>>> print(open('upload.pdb').read())   # PDB, C-alpha atoms
ATOM      1  CA  MET L1057      77.612 187.322 -36.801
ATOM      2  CA  SER L1058      75.704 185.760 -39.707
ATOM      3  CA  ASP L1059      77.870 182.617 -39.492
ATOM      4  CA  LEU L1060      77.152 182.344 -35.772
ATOM      5  CA  PHE L1061      73.431 182.728 -36.392
ATOM      6  CA  GLU L1062      73.511 180.102 -39.123
ATOM      7  CA  THR L1063      75.377 177.656 -36.874
ATOM      8  CA  ALA L1064      72.867 178.193 -34.064
ATOM      9  CA  LYS L1065      70.014 177.671 -36.514
ATOM     10  CA  GLU L1066      71.511 174.392 -37.766
ATOM     11  CA  ASN L1067      72.026 173.145 -34.214
ATOM     12  CA  LEU L1068      68.460 174.010 -33.226
ATOM     13  CA  GLN L1069      67.089 172.268 -36.314
ATOM     14  CA  PHE L1070      69.098 169.164 -35.494
ATOM     15  CA  LEU L1071      67.885 169.265 -31.876
ATOM     16  CA  GLY L1072      64.297 169.570 -33.104
ATOM     17  CA  VAL L1073      64.668 166.547 -35.375
ATOM     18  CA  CYS L1074      66.213 164.582 -32.497
ATOM     19  CA  LEU L1075      63.327 165.392 -30.157
ATOM     20  CA  LEU L1076      60.684 164.532 -32.738
ATOM     21  CA  ILE L1077      62.261 161.175 -33.518
ATOM     22  CA  VAL L1078      62.694 160.327 -29.824
ATOM     23  CA  ILE L1079      59.018 161.145 -29.209
ATOM     24  CA  ALA L1080      57.964 159.065 -32.231
ATOM     25  CA  ILE L1081      59.970 156.057 -31.054
ATOM     26  CA  TYR L1082      58.509 156.297 -27.560
ATOM     27  CA  ALA L1083      55.020 156.578 -29.048
ATOM     28  CA  VAL L1084      55.529 153.378 -31.038
ATOM     29  CA  ALA L1085      56.738 151.541 -27.928
ATOM     30  CA  VAL L1086      53.868 152.775 -25.726
ATOM     31  CA  VAL L1087      51.131 152.135 -28.300
ATOM     32  CA  THR L1088      52.494 148.667 -29.004
ATOM     33  CA  GLU L1089      52.471 147.649 -25.356
ATOM     34  CA  ARG L1090      48.917 148.902 -24.941
ATOM     35  CA  CYS L1091      47.701 147.206 -28.122
ATOM     36  CA  ILE L1092      49.189 143.882 -27.112
ATOM     37  CA  GLY L1093      47.423 144.304 -23.785
ATOM     38  CA  LYS L1094      49.987 142.604 -21.577
ATOM     39  CA  LYS L1095      52.127 143.746 -18.715
ATOM     40  CA  ALA L1096      55.781 142.984 -19.063
ATOM     41  CA  TYR L1097      58.014 141.704 -16.304
ATOM     42  CA  GLY L1098      56.078 139.284 -14.200
ATOM     43  CA  ASN L1099      52.625 140.619 -15.135
ATOM     44  CA  GLY L1100      53.193 143.800 -13.171
ATOM     45  CA  LYS L1101      53.908 142.078  -9.832
ATOM     46  CA  VAL L1102      57.268 143.781  -9.445
ATOM     47  CA  SER L1103      57.240 147.227  -7.888
ATOM     48  CA  ALA L1104      57.751 150.320  -9.995
ATOM     49  CA  ALA L1105      60.822 151.204  -7.938
ATOM     50  CA  ARG L1106      62.435 147.861  -8.746
ATOM     51  CA  ARG L1107      61.633 148.282 -12.417
ATOM     52  CA  VAL L1108      63.232 151.734 -12.459
ATOM     53  CA  ALA L1109      66.275 150.386 -10.640
ATOM     54  CA  ILE L1110      66.731 147.563 -13.160
ATOM     55  CA  VAL L1111      66.360 149.881 -16.155
ATOM     56  CA  GLY L1112      68.919 152.179 -14.535
ATOM     57  CA  MET L1113      71.285 149.267 -13.901
ATOM     58  CA  PHE L1114      71.149 148.071 -17.511
ATOM     59  CA  SER L1115      71.513 151.639 -18.773
ATOM     60  CA  ALA L1116      74.661 152.081 -16.689
ATOM     61  CA  ILE L1117      76.145 148.794 -17.919
ATOM     62  CA  SER L1118      75.373 149.774 -21.513
ATOM     63  CA  ALA L1119      76.932 153.221 -21.054
ATOM     64  CA  VAL L1120      80.142 151.619 -19.805
ATOM     65  CA  LEU L1121      80.164 149.207 -22.756
ATOM     66  CA  MET L1122      79.806 152.186 -25.109
ATOM     67  CA  LEU L1123      83.197 153.400 -23.921
ATOM     68  CA  PHE L1124      84.898 150.292 -25.308
ATOM     69  CA  GLU L1125      84.759 150.512 -29.085
ATOM     70  CA  LEU L1126      86.457 148.200 -31.558
ATOM     71  CA  PRO L1127      87.721 149.475 -34.926
ATOM     72  CA  LEU L1128      86.626 147.505 -37.961
ATOM     73  CA  TRP L1129      88.834 146.568 -40.881
ATOM     74  CA  PHE L1130      86.153 147.330 -43.480
ATOM     75  CA  ALA L1131      84.957 150.733 -42.226
ATOM     76  CA  PRO L1132      86.510 154.168 -41.594
ATOM     77  CA  GLY L1133      87.450 155.120 -38.049
ATOM     78  CA  PHE L1134      84.203 156.875 -37.133
ATOM     79  CA  TYR L1135      82.367 153.523 -37.362
ATOM     80  CA  GLU L1136      83.417 151.467 -34.349
ATOM     81  CA  LEU L1137      81.696 148.447 -32.870
ATOM     82  CA  ASP L1138      80.448 148.355 -29.287
ATOM     83  CA  PHE L1139      78.273 145.874 -27.436
ATOM     84  CA  SER L1140      76.051 148.300 -25.534
ATOM     85  CA  GLU L1141      72.867 146.970 -27.161
ATOM     86  CA  ILE L1142      73.193 143.620 -25.345
ATOM     87  CA  PRO L1143      72.117 144.886 -21.864
ATOM     88  CA  VAL L1144      69.453 147.056 -23.517
ATOM     89  CA  MET L1145      68.048 144.053 -25.361
ATOM     90  CA  ILE L1146      67.972 141.953 -22.184
ATOM     91  CA  CYS L1147      66.174 144.805 -20.419
ATOM     92  CA  ALA L1148      63.645 145.073 -23.259
ATOM     93  CA  PHE L1149      63.003 141.323 -23.254
ATOM     94  CA  SER L1150      62.492 141.416 -19.493
ATOM     95  CA  MET L1151      60.226 144.451 -19.218
ATOM     96  CA  GLY L1152      58.966 145.347 -22.666
ATOM     97  CA  PRO L1153      59.623 147.817 -25.491
ATOM     98  CA  VAL L1154      59.166 150.988 -23.420
ATOM     99  CA  ALA L1155      61.781 149.853 -20.931
ATOM    100  CA  GLY L1156      64.111 148.994 -23.808
ATOM    101  CA  VAL L1157      63.756 152.415 -25.410
ATOM    102  CA  THR L1158      64.230 154.086 -22.021
ATOM    103  CA  ALA L1159      67.416 152.111 -21.384
ATOM    104  CA  GLU L1160      68.676 152.979 -24.882
ATOM    105  CA  LEU L1161      68.111 156.697 -24.295
ATOM    106  CA  CYS L1162      69.583 156.692 -20.777
ATOM    107  CA  LYS L1163      72.609 154.790 -22.065
ATOM    108  CA  VAL L1164      73.407 157.528 -24.577
ATOM    109  CA  LEU L1165      72.795 160.325 -22.065
ATOM    110  CA  LEU L1166      75.060 158.663 -19.502
ATOM    111  CA  LYS L1167      77.768 158.180 -22.110
ATOM    112  CA  LEU L1168      77.581 161.887 -22.990
ATOM    113  CA  VAL L1169      77.978 162.803 -19.309
ATOM    114  CA  ILE L1170      80.962 160.457 -18.892
ATOM    115  CA  LYS L1171      82.792 161.012 -22.163
ATOM    116  CA  GLY L1172      81.074 163.772 -24.112
ATOM    117  CA  THR L1173      80.792 163.647 -27.887
ATOM    118  CA  SER L1174      83.362 163.450 -30.652
ATOM    119  CA  THR L1175      80.840 163.546 -33.514
ATOM    120  CA  ALA L1176      78.905 166.780 -32.849
ATOM    121  CA  PHE L1177      76.204 164.580 -31.228
ATOM    122  CA  VAL L1178      75.337 163.012 -34.593
ATOM    123  CA  GLY L1179      76.961 159.692 -33.735
ATOM    124  CA  ASP L1180      75.234 159.606 -30.347
ATOM    125  CA  PHE L1181      71.866 160.339 -31.934
ATOM    126  CA  ALA L1182      72.549 157.651 -34.535
ATOM    127  CA  ASN L1183      73.422 155.153 -31.811
ATOM    128  CA  PHE L1184      70.039 155.733 -30.159
ATOM    129  CA  VAL L1185      67.899 155.673 -33.292
ATOM    130  CA  VAL L1186      69.617 152.773 -35.034
ATOM    131  CA  GLY L1187      69.800 150.863 -31.755
ATOM    132  CA  CYS L1188      66.043 151.267 -31.316
ATOM    133  CA  THR L1189      65.415 149.830 -34.785
ATOM    134  CA  LEU L1190      66.988 146.627 -33.470
ATOM    135  CA  VAL L1191      65.570 146.662 -29.939
ATOM    136  CA  LEU L1192      61.977 147.653 -30.743
ATOM    137  CA  PRO L1193      61.043 144.981 -33.329
ATOM    138  CA  ALA L1194      62.775 142.249 -31.342
ATOM    139  CA  SER L1195      61.146 143.165 -28.028
ATOM    140  CA  ILE L1196      57.712 143.717 -29.601
ATOM    141  CA  LEU L1197      57.628 140.207 -31.088
ATOM    142  CA  TYR L1198      58.939 138.641 -27.898
ATOM    143  CA  TYR L1199      56.544 140.739 -25.793
ATOM    144  CA  ALA L1200      53.607 139.450 -27.852
ATOM    145  CA  LYS L1201      54.520 135.783 -27.288
ATOM    146  CA  LYS L1202      57.380 134.909 -24.991
ATOM    147  CA  SER L1203      59.136 131.899 -26.465
ATOM    148  CA  ARG L1204      62.603 131.079 -27.709
ATOM    149  CA  LYS L1205      61.383 130.943 -31.306
ATOM    150  CA  MET L1206      59.781 134.387 -31.052
ATOM    151  CA  ALA L1207      62.932 135.771 -29.459
ATOM    152  CA  ILE L1208      65.057 134.470 -32.319
ATOM    153  CA  ALA L1209      62.524 135.662 -34.914
ATOM    154  CA  GLY L1210      62.380 139.087 -33.290
ATOM    155  CA  LEU L1211      66.148 139.418 -33.176
ATOM    156  CA  ALA L1212      66.408 138.365 -36.827
ATOM    157  CA  LEU L1213      63.706 140.874 -37.814
ATOM    158  CA  GLY L1214      65.387 143.591 -35.768
ATOM    159  CA  THR L1215      68.720 142.938 -37.464
ATOM    160  CA  VAL L1216      67.120 143.194 -40.908
ATOM    161  CA  ILE L1217      65.257 146.411 -40.029
ATOM    162  CA  MET L1218      68.344 147.930 -38.422
ATOM    163  CA  THR L1219      70.406 147.107 -41.507
ATOM    164  CA  ILE L1220      67.891 148.568 -43.968
ATOM    165  CA  PHE L1221      66.816 151.601 -41.948
ATOM    166  CA  GLY L1222      70.201 152.317 -40.401
ATOM    167  CA  SER L1223      71.962 152.212 -43.745
ATOM    168  CA  SER L1224      69.395 154.407 -45.489
ATOM    169  CA  PHE L1225      69.280 156.848 -42.567
ATOM    170  CA  ASN L1226      73.068 157.150 -42.683
ATOM    171  CA  ALA L1227      73.097 157.931 -46.391
ATOM    172  CA  LEU L1228      70.147 160.310 -46.467
ATOM    173  CA  TYR L1229      70.560 162.188 -43.176
ATOM    174  CA  LEU L1230      73.286 161.206 -40.706
ATOM    175  CA  ILE L1231      76.392 161.418 -42.899
ATOM    176  CA  PRO L1232      75.374 164.751 -44.534
ATOM    177  CA  LYS L1233      74.408 166.133 -41.107
ATOM    178  CA  PHE L1234      77.729 164.994 -39.613
ATOM    179  CA  SER L1235      79.529 166.745 -42.455
ATOM    180  CA  GLN L1236      77.525 169.908 -41.814
ATOM    181  CA  LEU L1237      77.723 170.077 -38.011
ATOM    182  CA  PHE L1238      81.229 168.680 -37.593
ATOM    183  CA  GLY L1239      82.578 170.877 -40.367
ATOM    184  CA  MET L1240      84.145 168.027 -42.325
ATOM    185  CA  PRO L1241      83.723 168.181 -46.121
ATOM    186  CA  MET L1242      81.863 165.255 -47.630
ATOM    187  CA  GLU L1243      84.873 164.531 -49.828
ATOM    188  CA  ALA L1244      87.011 164.044 -46.717
ATOM    189  CA  ILE L1245      84.492 161.629 -45.202
ATOM    190  CA  ILE L1246      84.321 159.598 -48.398
ATOM    191  CA  GLY L1247      88.117 159.736 -48.621
ATOM    192  CA  MET L1248      88.377 158.063 -45.217
ATOM    193  CA  GLY L1249      86.267 155.260 -46.614
ATOM    194  CA  THR L1250      88.335 155.054 -49.795
ATOM    195  CA  ALA L1251      91.485 154.647 -47.712
ATOM    196  CA  VAL L1252      89.959 151.493 -46.229
ATOM    197  CA  ASN L1253      88.203 150.169 -49.334
ATOM    198  CA  SER L1254      88.979 151.424 -52.832
ATOM    199  CA  HIS L1255      85.416 150.621 -53.917
ATOM    200  CA  ILE L1256      84.101 153.403 -51.668
ATOM    201  CA  ASN L1257      83.811 156.543 -53.807
ATOM    202  CA  SER L1258      80.445 158.043 -52.804
ATOM    203  CA  VAL L1259      78.026 158.235 -49.894
ATOM    204  CA  TRP L1260      76.046 155.243 -51.125
ATOM    205  CA  THR L1261      79.113 153.053 -51.643
ATOM    206  CA  LEU L1262      80.288 154.073 -48.169
ATOM    207  CA  VAL L1263      76.965 152.840 -46.836
ATOM    208  CA  LEU L1264      77.020 149.672 -48.950
ATOM    209  CA  PHE L1265      80.547 148.558 -48.080
ATOM    210  CA  ALA L1266      80.817 149.912 -44.522
ATOM    211  CA  VAL L1267      77.451 150.613 -42.870
ATOM    212  CA  VAL L1268      75.559 147.568 -44.150
ATOM    213  CA  PRO L1269      78.134 144.988 -42.979
ATOM    214  CA  PHE L1270      78.604 146.982 -39.751
ATOM    215  CA  ASN L1271      74.890 146.699 -38.909
ATOM    216  CA  ILE L1272      74.708 143.029 -39.897
ATOM    217  CA  LEU L1273      77.730 142.205 -37.742
ATOM    218  CA  LYS L1274      76.430 144.160 -34.757
ATOM    219  CA  GLY L1275      72.922 142.729 -35.020
ATOM    220  CA  THR L1276      74.264 139.181 -35.263
ATOM    221  CA  ILE L1277      76.550 139.529 -32.247
ATOM    222  CA  VAL L1278      73.861 141.176 -30.113
ATOM    223  CA  SER L1279      71.337 138.508 -31.114
ATOM    224  CA  VAL L1280      73.584 135.542 -30.365
ATOM    225  CA  VAL L1281      74.763 136.852 -26.991
ATOM    226  CA  THR L1282      71.214 137.837 -25.958
ATOM    227  CA  VAL L1283      69.870 134.372 -26.763
ATOM    228  CA  LEU L1284      72.705 132.755 -24.789
ATOM    229  CA  LEU L1285      72.398 135.011 -21.731
ATOM    230  CA  TYR L1286      68.745 135.971 -21.363
ATOM    231  CA  LYS L1287      67.298 132.764 -19.922
ATOM    232  CA  HIS L1288      70.043 132.680 -17.294
ATOM    233  CA  ILE L1289      69.539 136.311 -16.272
ATOM    234  CA  SER L1290      65.740 136.479 -16.500
ATOM    235  CA  PRO L1291      64.970 134.529 -13.256
ATOM    236  CA  LEU L1292      67.252 136.848 -11.293
ATOM    237  CA  LEU L1293      65.479 139.920 -12.650
ATOM    238  CA  LYS L1294      62.120 138.447 -11.703
ATOM    239  CA  GLY L1295      63.271 137.795  -8.159
ATOM    240  CA  ASN L1296      63.401 134.039  -8.661
ATOM    241  CA  SER L1297      66.855 132.816  -7.681
ATOM    242  CA  ARG L1298      65.936 129.203  -8.466
TER     243      ARG L1298
END
>>> encode(input="upload.pdb", output="structure tokens")
Amino acid sequence: MSDLFETAKENLQFLGVCLLIVIAIYAVAVVTERCIGKKAYGNGKVSAARRVAIVGMFSAISAVLMLFELPLWFAPGFYELDFSEIPVMICAFSMGPVAGVTAELCKVLLKLVIKGTSTAFVGDFANFVVGCTLVLPASILYYAKKSRKMAIAGLALGTVIMTIFGSSFNALYLIPKFSQLFGMPMEAIIGMGTAVNSHINSVWTLVLFAVVPFNILKGTIVSVVTVLLYKHISPLLKGNSR
């Protein structure tokens, strides 16, 4: 009975942390849009229903992309690369940071409905938070001044922030929490990293040799594809087929 109570307590604490961080991220997005003082997506000329439909469409595309994960030669099996941030980034560039965060959250929720979780929800929470550290800075800079240079600068800044924050967050919270909730000893997690790279022998070396390059690779791919696609997709989203 005490073990059951302790497990429930740990799950509730994790849920509380998740909710607080989601609220904080939304607050940053909302405050930023209001401080900049602009309306995204055609200066508000598009109906709210259309905006909701487009966010839903990009969320659905992202959720499907989350199902296709690629293993990486330099990281253990629980770090797999997906391209679900690309539709989210395009959505954020089109309609602003709040829309981007909403699409990121809906993407994860849809994926959970379709496939469930294999990481005690820690990996899904990580996907949302770390994804937002890429999407938010990039969309905020582009939202402030819509130009190709600002888009590239925002994507570069987002990649740097995602790499620094995502790596630190993994080491300090996500990996220990995964070990706790999933019931996998920390030694086993590190051992999976050692099997891939003999230099991995602790949490911090796991982060250095696996998480850091993972985030850099993902941020670079998302950035390049977004830059190549966005200008072609943007007129269609704004109702301008020309």
>>> closest_residue(input="upload.pdb", among="L:Val1283, L:Val1164, L:Leu1068, L:Ile1170", to="Ala1207 (chain L)", atoms="all atoms listed in the file")
L:Val1283
>>> resolve_selection(input="upload.pdb", expression="the PyMOL selection byres ((chain L and resi 1129) around 12)", output="list in words")
Leu1126, Pro1127, Leu1128, Phe1130, Ala1131, Pro1132, Gly1133, Phe1134, Tyr1135, Glu1136, Leu1137, Gly1249, Ala1251, Val1252, Asn1253, Phe1265, Ala1266, Pro1269 and Phe1270 of chain L
>>> residues_around(input="upload.pdb", residues="Val1216 (chain L)", least_positions_apart="4", cutoff="12 Å", atoms="all atoms listed in the file", output="MDAnalysis selection string")
chainID L and resid 1186 1189:1191 1193:1194 1209:1212 1220:1223 1268:1269 1271:1276 1279
>>> resolve_selection(input="upload.pdb", expression="the PyMOL selection byres ((chain L and resi 1227-1235) around 10)", output="ChimeraX atom specification")
/L:1066,1070,1175-1179,1181-1182,1221-1226,1236-1246,1258-1264,1267
>>> axis_aligned_box(input="upload.pdb", around="region 1079-1093 of chain L", padding_each_side="4 Å", output="lines of an AutoDock Vina configuration file")
center_x = 53.7
center_y = 152.5
center_z = -28.0
size_x = 20.5
size_y = 25.3
size_z = 16.4
>>> closest_residue(input="upload.pdb", among="L:Ser1254, L:Thr1282, L:Thr1173, L:Gln1069", to="Ser1140 (chain L)", atoms="all atoms listed in the file")
L:Thr1282
>>> closest_residue(input="upload.pdb", among="L:Pro1291, L:Gly1152, L:Gly1172, L:Gly1247", to="Ala1119 (chain L)", atoms="only C-alpha atoms")
L:Gly1172
>>> closest_residue(input="upload.pdb", among="L:Val1280, L:Met1113, L:Leu1192, L:Arg1204", to="Ile1217 (chain L)", atoms="only C-alpha atoms")
L:Leu1192
>>> build_atoms(input="upload.pdb", residues="region 1229-1263 of chain L", atoms="N, CA and C atoms", output="mmCIF file, keeping the file's coordinate frame")
data_model
loop_
_atom_site.group_PDB
_atom_site.id
_atom_site.type_symbol
_atom_site.label_atom_id
_atom_site.label_comp_id
_atom_site.auth_asym_id
_atom_site.auth_seq_id
_atom_site.Cartn_x
_atom_site.Cartn_y
_atom_site.Cartn_z
ATOM 1 N N TYR L 1229 70.595 161.133 -44.197
ATOM 2 C CA TYR L 1229 70.560 162.188 -43.176
ATOM 3 C C TYR L 1229 71.819 162.261 -42.322
ATOM 4 N N LEU L 1230 72.242 161.149 -41.732
ATOM 5 C CA LEU L 1230 73.286 161.206 -40.706
ATOM 6 C C LEU L 1230 74.643 161.643 -41.253
ATOM 7 N N ILE L 1231 75.084 161.052 -42.360
ATOM 8 C CA ILE L 1231 76.392 161.418 -42.899
ATOM 9 C C ILE L 1231 76.404 162.871 -43.384
ATOM 10 N N PRO L 1232 75.401 163.325 -44.166
ATOM 11 C CA PRO L 1232 75.374 164.751 -44.534
ATOM 12 C C PRO L 1232 75.296 165.670 -43.322
ATOM 13 N N LYS L 1233 74.529 165.281 -42.301
ATOM 14 C CA LYS L 1233 74.408 166.133 -41.107
ATOM 15 C C LYS L 1233 75.722 166.160 -40.330
ATOM 16 N N PHE L 1234 76.414 165.030 -40.258
ATOM 17 C CA PHE L 1234 77.729 164.994 -39.613
ATOM 18 C C PHE L 1234 78.699 165.916 -40.343
ATOM 19 N N SER L 1235 78.669 165.869 -41.659
ATOM 20 C CA SER L 1235 79.529 166.745 -42.455
ATOM 21 C C SER L 1235 79.230 168.213 -42.172
ATOM 22 N N GLN L 1236 77.946 168.523 -42.029
ATOM 23 C CA GLN L 1236 77.525 169.908 -41.814
ATOM 24 C C GLN L 1236 77.881 170.393 -40.415
ATOM 25 N N LEU L 1237 77.536 169.628 -39.391
ATOM 26 C CA LEU L 1237 77.723 170.077 -38.011
ATOM 27 C C LEU L 1237 79.161 169.933 -37.544
ATOM 28 N N PHE L 1238 79.853 168.901 -38.008
ATOM 29 C CA PHE L 1238 81.229 168.680 -37.593
ATOM 30 C C PHE L 1238 82.209 169.518 -38.407
ATOM 31 N N GLY L 1239 81.726 170.040 -39.540
ATOM 32 C CA GLY L 1239 82.578 170.877 -40.367
ATOM 33 C C GLY L 1239 83.584 170.098 -41.200
ATOM 34 N N MET L 1240 83.263 168.848 -41.505
ATOM 35 C CA MET L 1240 84.145 168.027 -42.325
ATOM 36 C C MET L 1240 83.545 167.894 -43.718
ATOM 37 N N PRO L 1241 84.263 168.293 -44.758
ATOM 38 C CA PRO L 1241 83.723 168.181 -46.121
ATOM 39 C C PRO L 1241 83.350 166.736 -46.456
ATOM 40 N N MET L 1242 82.305 166.584 -47.250
ATOM 41 C CA MET L 1242 81.863 165.255 -47.630
ATOM 42 C C MET L 1242 82.965 164.483 -48.342
ATOM 43 N N GLU L 1243 83.776 165.195 -49.112
ATOM 44 C CA GLU L 1243 84.873 164.531 -49.828
ATOM 45 C C GLU L 1243 85.864 163.903 -48.859
ATOM 46 N N ALA L 1244 86.086 164.576 -47.722
ATOM 47 C CA ALA L 1244 87.011 164.044 -46.717
ATOM 48 C C ALA L 1244 86.444 162.790 -46.063
ATOM 49 N N ILE L 1245 85.139 162.799 -45.798
ATOM 50 C CA ILE L 1245 84.492 161.629 -45.202
ATOM 51 C C ILE L 1245 84.578 160.436 -46.142
ATOM 52 N N ILE L 1246 84.246 160.673 -47.404
ATOM 53 C CA ILE L 1246 84.321 159.598 -48.398
ATOM 54 C C ILE L 1246 85.767 159.134 -48.568
ATOM 55 N N GLY L 1247 86.707 160.082 -48.504
ATOM 56 C CA GLY L 1247 88.117 159.736 -48.621
ATOM 57 C C GLY L 1247 88.589 158.808 -47.513
ATOM 58 N N MET L 1248 88.036 158.973 -46.307
ATOM 59 C CA MET L 1248 88.377 158.063 -45.217
ATOM 60 C C MET L 1248 87.903 156.650 -45.527
ATOM 61 N N GLY L 1249 86.754 156.567 -46.201
ATOM 62 C CA GLY L 1249 86.267 155.260 -46.614
ATOM 63 C C GLY L 1249 87.108 154.669 -47.738
ATOM 64 N N THR L 1250 87.507 155.516 -48.675
ATOM 65 C CA THR L 1250 88.335 155.054 -49.795
ATOM 66 C C THR L 1250 89.665 154.511 -49.317
ATOM 67 N N ALA L 1251 90.211 155.112 -48.259
ATOM 68 C CA ALA L 1251 91.485 154.647 -47.712
ATOM 69 C C ALA L 1251 91.388 153.231 -47.170
ATOM 70 N N VAL L 1252 90.172 152.841 -46.756
ATOM 71 C CA VAL L 1252 89.959 151.493 -46.229
ATOM 72 C C VAL L 1252 89.571 150.520 -47.339
ATOM 73 N N ASN L 1253 88.721 151.008 -48.248
ATOM 74 C CA ASN L 1253 88.203 150.169 -49.334
ATOM 75 C C ASN L 1253 88.145 151.013 -50.595
ATOM 76 N N SER L 1254 88.898 150.634 -51.604
ATOM 77 C CA SER L 1254 88.979 151.424 -52.832
ATOM 78 C C SER L 1254 87.658 151.493 -53.583
ATOM 79 N N HIS L 1255 86.723 150.602 -53.264
ATOM 80 C CA HIS L 1255 85.416 150.621 -53.917
ATOM 81 C C HIS L 1255 84.512 151.734 -53.375
ATOM 82 N N ILE L 1256 84.895 152.315 -52.250
ATOM 83 C CA ILE L 1256 84.101 153.403 -51.668
ATOM 84 C C ILE L 1256 84.484 154.714 -52.345
ATOM 85 N N ASN L 1257 83.548 155.292 -53.101
ATOM 86 C CA ASN L 1257 83.811 156.543 -53.807
ATOM 87 C C ASN L 1257 82.632 157.507 -53.773
ATOM 88 N N SER L 1258 81.619 157.180 -52.951
ATOM 89 C CA SER L 1258 80.445 158.043 -52.804
ATOM 90 C C SER L 1258 79.771 157.721 -51.485
ATOM 91 N N VAL L 1259 78.752 158.491 -51.142
ATOM 92 C CA VAL L 1259 78.026 158.235 -49.894
ATOM 93 C C VAL L 1259 77.374 156.855 -49.923
ATOM 94 N N TRP L 1260 76.762 156.514 -51.048
ATOM 95 C CA TRP L 1260 76.046 155.243 -51.125
ATOM 96 C C TRP L 1260 76.979 154.045 -51.125
ATOM 97 N N THR L 1261 78.161 154.161 -51.727
ATOM 98 C CA THR L 1261 79.113 153.053 -51.643
ATOM 99 C C THR L 1261 79.720 152.963 -50.244
ATOM 100 N N LEU L 1262 79.852 154.094 -49.565
ATOM 101 C CA LEU L 1262 80.288 154.073 -48.169
ATOM 102 C C LEU L 1262 79.289 153.296 -47.322
ATOM 103 N N VAL L 1263 78.021 153.551 -47.564
ATOM 104 C CA VAL L 1263 76.965 152.840 -46.836
ATOM 105 C C VAL L 1263 76.965 151.359 -47.197
#
